[in-house]
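A.B. asks: To start, I am sharing the structure in question, which I have written as structure tokens.
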Amino acid sequence: MPAQSQTSDSSTQPASHFIHDIIDEDRRAGKNGGRVHTRFPPEPNGYLHIGHAKSICLNFGTAKKYGGLCNLRFDDTNPTTENPEYVASIQNDVRWLGFEWDDRLFYASDYFEKLYQFAEHLIETDKAYVDSQTHEQISAQRGDFYRPGQDSPDRTRAKEESRALFRRMRAGEFPDGAHVLRAKIDMRSGNLNLRDPVIYRIKRAHHYRTADSWCIYPMYDYAHCVSDALEGITHSLCTLEFEDHRPLYDWCLDQLPVPCHPQQIEFARLNLSYTVLSKRKLLQLVEDKLVDGWDDPRMPTLAGLRRRGYTPEAIRAFCDRVGVGKRDGVVDVSLLEYHLREDLNARAARAMAVLRPLRVVIENFSEGEVLWCEAQNHPEYPERGSRKVPFGRVVYIEQDDFREVPPKKWFRLTVGSEVRLRYACLIRCHAVVKDPATGEVTELRCTWDPDSRGGSPKDGRKVKGTLHWVSAEHAKDAEVRLYDRLFSQENPNDGDDFKSFLNQSSLQVLRGCKVEPALAASQPAELYQFERLGYFCGDNKDLRDGKLVFNRTIELRDSWAKIEGRQQGES
RNA sequence: UCGGGGAUCGUCCAACGGCAGGACUCCAGAUUCUGGCUCUGGAUAUCUAGGUUCGAAUCCUAGUCCCCGAACCA
């Protein structure tokens, strides 16, 4: 059985929720002929993040559940912020997450001509007019939360005149901002979105797909609902902030001869503790060089999570567990980490690596002799085989696994104590060698028990501590990047400036780490558990040309750190 | 002070007039050649006040609090 199938992908049948209740009811009533067709509609103005993953899983997952389809559509109606790099990254990320749109890749910009014709239809039916006032005049007339708006003097403009002006807008006869096309709805509505919203503006900007063929561009509220209808979408799922756009969504479709009228349903977007999930803020981190690009392993982008070592299965399981509701809240990042560890524990091959090496000399072990130790690749899956790890007279252990003055409940190494070197043997420490200048421990002098070859002593005595180690003679050098959460505050969105909550030690680069020789063959993005430390992966950019670079995806749970932390709290 | 939403363990999600349940987190223990994994046990919640009902998280009334909304952004 391939290792892949033994992982913990729990994405078989996602949990039900209020949206599926609505769809169940629609199907019972025979709406849309029982058909379910959704869409994921990103704007290509940034990289996808874990919040988008929730929407992707919802949209593609809903289609799958009901035997329907889900389109990928780029909502590219604002040429000033969008570009092909984002289009490419989004497609790459959706595929990586495990979803496929087949031949249903669409762009709102593909509908520009149709959108334009529908706009003329609105003018013909007296449902839209060209307003020639300034931006300031229009916004002053909009009123506010407490006062109704006032009709524009152009609201009663003859439709022939509006039509002529609109055509001249398209033809490029006016400068940016000279005119706009507005829907004629209700300037006194309590819903500001219905106070004659602008649906077309003049904007001389080069569009990454339509180049310079247009100088007028449709606005979201108008373009989105029509795009949905043109694609035969049945359920248009979006986030809560669009709730009071729904009357406008419905209004537009009610005025136009579109093939169908999709139902917009809003759900709560994902928020995660200790991070920010807004494209604006993420873009700032990138532009201000506070992180190393959109795929920095500390970023909550899918590209960043991928480089960090997250798997699509872990992210999907997380999105499924988070659920779908209408309350906006903040999901604890520990839930994400739980699903990550659950998947990685099943998936990752075990290996030994020493991050902060401490030299250990086994005095009664012959110089030049090598003991080849049989080490399992995965203790829970013996069928994944084992490897031979060389052991010699000099090995490295983790500095942190030795204490001259052991705290309570310490069962690692100290002078006089005995520990197991995993898969190798038992050793006992007799003496420490210190740097005379600094007093720093530089070497341990130990002896081994030849009757404990493989790690199990012949007399069956119990040894509580087991350490990971690497033979000095055979070790490979590696760079290891230790990542921690990007923000030190649980909700970095709370204060005045989210950047002031950046965790100053979110990245620690360790050089001169010692890894077991088998790791020399590791590949970019390959996942490991470095025993007793955590999950690591080969960096997908910098692991190359024989240079070993590993990213720490996440630490193992560390109950010793808790005990010790508590002890220190008590003293 | 307008319009739209929302209030259930610390967190997220269920319960759709009939025993408030699950997951994460936390705590205690068992097991262990990873202080990992696994297993067992435990702690913690219906915003408030009235009402309807044999029975209310759920229905009604009145409050309170939170979120979103005044781009020619999406």
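Going through the structure tokens in order, the chains are called A, B, and so on, while each chain numbers its residues from 1 and the ligands are numbered from 1 in the order shown.
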Pick out the residues sitting within 12 Å of region 9-26 of chain B, and hand them over as an NGL selection string; count only C-alpha atoms (C1' of nucleotides), and ignore anything fewer than 6 positions along from it in its own chain.
C.D. replies: (:A and (15-18 or 21 or 268 or 270-273 or 317-339 or 562)) or (:B and (42-46 or 52-59))
A.B. asks: Just want the 12 Å neighbourhood of A49 (chain B), counted on only C-alpha atoms (C1' of nucleotides), with same-chain residues fewer than 4 positions away dropped. Output as a VMD selection string.
C.D. replies: chain B and resid 61 to 64
A.B. asks: Select, as a ChimeraX atom specification, those residues of chain B with any atom no more than 8 Å from chain A (distances computed using only C-alpha atoms (C1' of nucleotides)).
C.D. replies: /B:1-6,11-13,23-25,33-37,67-70,72-74
A.B. asks: Leaving out His430 (chain A) and any residue of its chain fewer than 3 positions from it, which residues lie within 10 Å of it when counting only C-alpha atoms (C1' of nucleotides), given as number ranges by chain?
C.D. replies: A: 363, 414-418, 427, 444-447
A.B. asks: For a test of reading the model, state the distance in Å between CA of Ala183 (chain A) and CA of Gln117 (chain A), rounded to one decimal.
C.D. replies: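 Going from CA of Ala183 (chain A) over to CA of Gln117 (chain A), I get 14.4 Å.
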A.B. asks: Using only C-alpha atoms, which of A:Asn71, A:Gln264, A:Arg566, A:Gly538 sits nearest Lys408 (chain A)?
C.D. replies: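 Of A:Asn71, A:Gln264, A:Arg566, A:Gly538, the one nearest Lys408 (chain A) is A:Arg566, counting only C-alpha atoms.
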A.B. asks: I'd like the neighbourhood of Ala351 (chain A) as an mmCIF file with C-alpha atoms (C1' of nucleotides), in the first residue's frame, where a residue qualifies if any of its atoms comes within 12 Å (using only C-alpha atoms (C1' of nucleotides)), though same-chain residues fewer than 3 positions away should be ignored.
C.D. replies:
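Result went into out05.cif, see below:
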data_model
loop_
_atom_site.group_PDB
_atom_site.id
_atom_site.type_symbol
_atom_site.label_atom_id
_atom_site.label_comp_id
_atom_site.auth_asym_id
_atom_site.auth_seq_id
_atom_site.Cartn_x
_atom_site.Cartn_y
_atom_site.Cartn_z
ATOM 1 C CA ALA A 348 6.311 11.950 7.563
ATOM 2 C CA VAL A 354 20.722 17.529 15.886
ATOM 3 C CA GLU A 374 18.526 -0.447 12.351
ATOM 4 C CA ALA A 375 16.116 2.495 12.534
ATOM 5 C CA GLN A 376 12.465 2.360 11.573
ATOM 6 C CA ASN A 377 11.208 4.861 9.032
ATOM 7 C CA HIS A 378 7.873 4.985 10.808
ATOM 8 C CA PRO A 379 7.179 3.212 14.092
ATOM 9 C CA SER A 386 13.934 0.806 7.986
ATOM 10 C CA ARG A 387 17.357 2.204 7.334
ATOM 11 C CA LYS A 388 20.838 1.711 8.747
ATOM 12 C CA VAL A 389 22.183 4.595 10.760
ATOM 13 C CA ARG A 422 17.629 5.831 20.018
ATOM 14 C CA TYR A 423 18.109 2.608 18.052
ATOM 15 C CA HIS A 468 18.278 11.403 19.244
ATOM 16 C CA TRP A 469 21.858 11.617 17.990
ATOM 17 C CA VAL A 470 24.024 11.761 14.883
ATOM 18 C CA LYS A 514 24.080 17.835 12.041
ATOM 19 C CA VAL A 515 21.782 15.443 10.241
ATOM 20 C CA GLU A 516 21.969 11.711 9.619
ATOM 21 C CA PRO A 517 23.577 10.777 6.288
ATOM 22 C CA ALA A 518 20.353 9.470 4.700
ATOM 23 C CA LEU A 519 19.039 13.024 4.727
ATOM 24 C CA ALA A 520 21.636 14.004 2.144
ATOM 25 C CA SER A 522 16.265 14.719 0.684
ATOM 26 C CA LEU A 527 8.507 15.921 4.728
ATOM 27 C CA TYR A 528 10.246 14.469 7.760
ATOM 28 C CA GLN A 529 9.785 14.127 11.405
ATOM 29 C CA PHE A 530 13.097 14.854 13.048
ATOM 30 C CA GLU A 531 12.615 12.623 16.047
ATOM 31 C CA ARG A 532 11.803 14.369 19.300
ATOM 32 C CA LEU A 533 11.944 17.784 17.602
ATOM 33 C CA GLY A 534 9.163 18.285 15.132
ATOM 34 C CA TYR A 535 8.172 18.123 11.502
ATOM 35 C CA PHE A 536 10.496 19.573 8.916
ATOM 36 C CA CYS A 537 10.545 19.827 5.155
ATOM 37 C "C1'" U B 34 10.245 9.932 20.289
#
A.B. asks: Have a look at CA of Ala525 (chain A) and CA of Asp102 (chain A) and let me know their distance in Å, one decimal.
C.D. replies: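 Between CA of Ala525 (chain A) and CA of Asp102 (chain A) the gap is 26.2 Å.
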A.B. asks: Need to verify the contact set: region 435-442 of chain A, 7 Å, only C-alpha atoms (C1' of nucleotides), exclusion of same-chain residues closer than 3 positions in sequence. Can you return it as a ChimeraX atom specification?
C.D. replies: /A:358-359,432
A.B. asks: Return as a PDB file with N, CA and C atoms, in the first residue's frame the full set of residues in region 270-393 of chain A whose backbone-based DSSP assignment is strand (DSSP E or B).
C.D. replies:
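Saved to selection_34.pdb:
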ATOM      1  N   LEU A 272      -8.213  33.809  11.888  1.00  0.00           N
ATOM      2  CA  LEU A 272      -7.315  32.932  12.629  1.00  0.00           C
ATOM      3  C   LEU A 272      -6.545  33.755  13.652  1.00  0.00           C
ATOM      4  N   THR A 301      -0.508  32.566   3.572  1.00  0.00           N
ATOM      5  CA  THR A 301      -0.876  32.285   2.181  1.00  0.00           C
ATOM      6  C   THR A 301      -0.716  30.791   1.918  1.00  0.00           C
ATOM      7  N   VAL A 331     -10.934  31.693  14.832  1.00  0.00           N
ATOM      8  CA  VAL A 331     -10.580  30.310  15.108  1.00  0.00           C
ATOM      9  C   VAL A 331      -9.170  30.263  15.683  1.00  0.00           C
ATOM     10  N   ALA A 349       8.269  10.589   7.198  1.00  0.00           N
ATOM     11  CA  ALA A 349       9.294   9.609   7.550  1.00  0.00           C
ATOM     12  C   ALA A 349      10.106  10.146   8.719  1.00  0.00           C
ATOM     13  N   ARG A 350      10.515   9.265   9.608  1.00  0.00           N
ATOM     14  CA  ARG A 350      11.314   9.686  10.763  1.00  0.00           C
ATOM     15  C   ARG A 350      12.782   9.777  10.368  1.00  0.00           C
ATOM     16  N   ALA A 351      13.474  10.702  10.995  1.00  0.00           N
ATOM     17  CA  ALA A 351      14.910  10.845  10.752  1.00  0.00           C
ATOM     18  C   ALA A 351      15.508  11.475  11.997  1.00  0.00           C
ATOM     19  N   ALA A 353      18.153  14.337  13.518  1.00  0.00           N
ATOM     20  CA  ALA A 353      18.886  15.564  13.232  1.00  0.00           C
ATOM     21  C   ALA A 353      19.166  16.259  14.557  1.00  0.00           C
ATOM     22  N   VAL A 354      20.360  16.802  14.669  1.00  0.00           N
ATOM     23  CA  VAL A 354      20.722  17.529  15.886  1.00  0.00           C
ATOM     24  C   VAL A 354      20.890  18.995  15.523  1.00  0.00           C
ATOM     25  N   PRO A 357      24.380  21.079  18.237  1.00  0.00           N
ATOM     26  CA  PRO A 357      25.163  19.886  18.561  1.00  0.00           C
ATOM     27  C   PRO A 357      26.034  20.034  19.812  1.00  0.00           C
ATOM     28  N   LEU A 358      26.051  18.970  20.580  1.00  0.00           N
ATOM     29  CA  LEU A 358      26.974  18.848  21.707  1.00  0.00           C
ATOM     30  C   LEU A 358      27.742  17.545  21.486  1.00  0.00           C
ATOM     31  N   ARG A 359      29.073  17.663  21.466  1.00  0.00           N
ATOM     32  CA  ARG A 359      29.940  16.524  21.167  1.00  0.00           C
ATOM     33  C   ARG A 359      29.953  15.534  22.323  1.00  0.00           C
ATOM     34  N   VAL A 360      29.793  14.258  21.982  1.00  0.00           N
ATOM     35  CA  VAL A 360      29.828  13.210  22.998  1.00  0.00           C
ATOM     36  C   VAL A 360      30.861  12.172  22.564  1.00  0.00           C
ATOM     37  N   VAL A 361      31.827  11.922  23.429  1.00  0.00           N
ATOM     38  CA  VAL A 361      32.841  10.912  23.115  1.00  0.00           C
ATOM     39  C   VAL A 361      32.556   9.662  23.940  1.00  0.00           C
ATOM     40  N   ILE A 362      32.393   8.526  23.235  1.00  0.00           N
ATOM     41  CA  ILE A 362      32.145   7.254  23.903  1.00  0.00           C
ATOM     42  C   ILE A 362      33.511   6.616  24.148  1.00  0.00           C
ATOM     43  N   LEU A 371      29.084   1.116  14.234  1.00  0.00           N
ATOM     44  CA  LEU A 371      27.969   0.229  14.573  1.00  0.00           C
ATOM     45  C   LEU A 371      26.779   0.675  13.724  1.00  0.00           C
ATOM     46  N   TRP A 372      26.299  -0.232  12.868  1.00  0.00           N
ATOM     47  CA  TRP A 372      25.171   0.158  12.017  1.00  0.00           C
ATOM     48  C   TRP A 372      23.862  -0.186  12.722  1.00  0.00           C
ATOM     49  N   CYS A 373      23.063   0.824  12.977  1.00  0.00           N
ATOM     50  CA  CYS A 373      21.850   0.631  13.766  1.00  0.00           C
ATOM     51  C   CYS A 373      20.630   0.609  12.846  1.00  0.00           C
ATOM     52  N   GLU A 374      19.753  -0.309  13.134  1.00  0.00           N
ATOM     53  CA  GLU A 374      18.526  -0.447  12.351  1.00  0.00           C
ATOM     54  C   GLU A 374      17.494   0.541  12.905  1.00  0.00           C
ATOM     55  N   ALA A 375      17.081   1.491  12.076  1.00  0.00           N
ATOM     56  CA  ALA A 375      16.116   2.495  12.534  1.00  0.00           C
ATOM     57  C   ALA A 375      14.858   2.439  11.672  1.00  0.00           C
ATOM     58  N   GLN A 376      13.719   2.422  12.318  1.00  0.00           N
ATOM     59  CA  GLN A 376      12.465   2.360  11.573  1.00  0.00           C
ATOM     60  C   GLN A 376      12.156   3.698  10.909  1.00  0.00           C
ATOM     61  N   SER A 386      12.969   0.243   7.038  1.00  0.00           N
ATOM     62  CA  SER A 386      13.934   0.806   7.986  1.00  0.00           C
ATOM     63  C   SER A 386      15.198   1.173   7.230  1.00  0.00           C
ATOM     64  N   ARG A 387      16.093   1.796   7.944  1.00  0.00           N
ATOM     65  CA  ARG A 387      17.357   2.204   7.334  1.00  0.00           C
ATOM     66  C   ARG A 387      18.466   1.945   8.332  1.00  0.00           C
ATOM     67  N   LYS A 388      19.698   1.910   7.860  1.00  0.00           N
ATOM     68  CA  LYS A 388      20.838   1.711   8.747  1.00  0.00           C
ATOM     69  C   LYS A 388      21.468   3.055   9.066  1.00  0.00           C
ATOM     70  N   VAL A 389      21.594   3.325  10.342  1.00  0.00           N
ATOM     71  CA  VAL A 389      22.183   4.595  10.760  1.00  0.00           C
ATOM     72  C   VAL A 389      23.523   4.306  11.443  1.00  0.00           C
ATOM     73  N   PRO A 390      24.591   4.933  10.986  1.00  0.00           N
ATOM     74  CA  PRO A 390      25.916   4.642  11.556  1.00  0.00           C
ATOM     75  C   PRO A 390      26.120   5.301  12.917  1.00  0.00           C
ATOM     76  N   PHE A 391      26.764   4.534  13.816  1.00  0.00           N
ATOM     77  CA  PHE A 391      27.084   5.027  15.152  1.00  0.00           C
ATOM     78  C   PHE A 391      28.584   4.863  15.350  1.00  0.00           C
TER      79      PHE A 391
END
A.B. asks: From a DSSP calculation on the backbone, collect every residue of region 102-276 of chain A in helix (DSSP H, G or I) and output the set as a PyMOL selection string.
C.D. replies: chain A and resi 108-124+135-141+153-156+159-170+192-194+220-230+240-255
A.B. asks: What separation in Å, quoted to one decimal, exists between CA of Asn551 (chain A) and CA of Arg307 (chain A)?
C.D. replies: 8.1 Å
A.B. asks: Find the residues near Gly172 (chain A): any atom within 9 Å, counting only C-alpha atoms (C1' of nucleotides), skip ones fewer than 6 places away on the same chain, and give them as a CSV table (one decimal) with C-alpha atoms, in the first residue's frame.
C.D. replies:
chain,number,residue,atom,x,y,z
A,202,ILE,CA,-14.2,55.6,-17.0
A,204,ARG,CA,-7.9,54.5,-18.5
A,214,TRP,CA,-11.8,49.3,-22.9
A,215,CYS,CA,-11.6,52.5,-21.0
A,216,ILE,CA,-14.8,51.9,-19.1
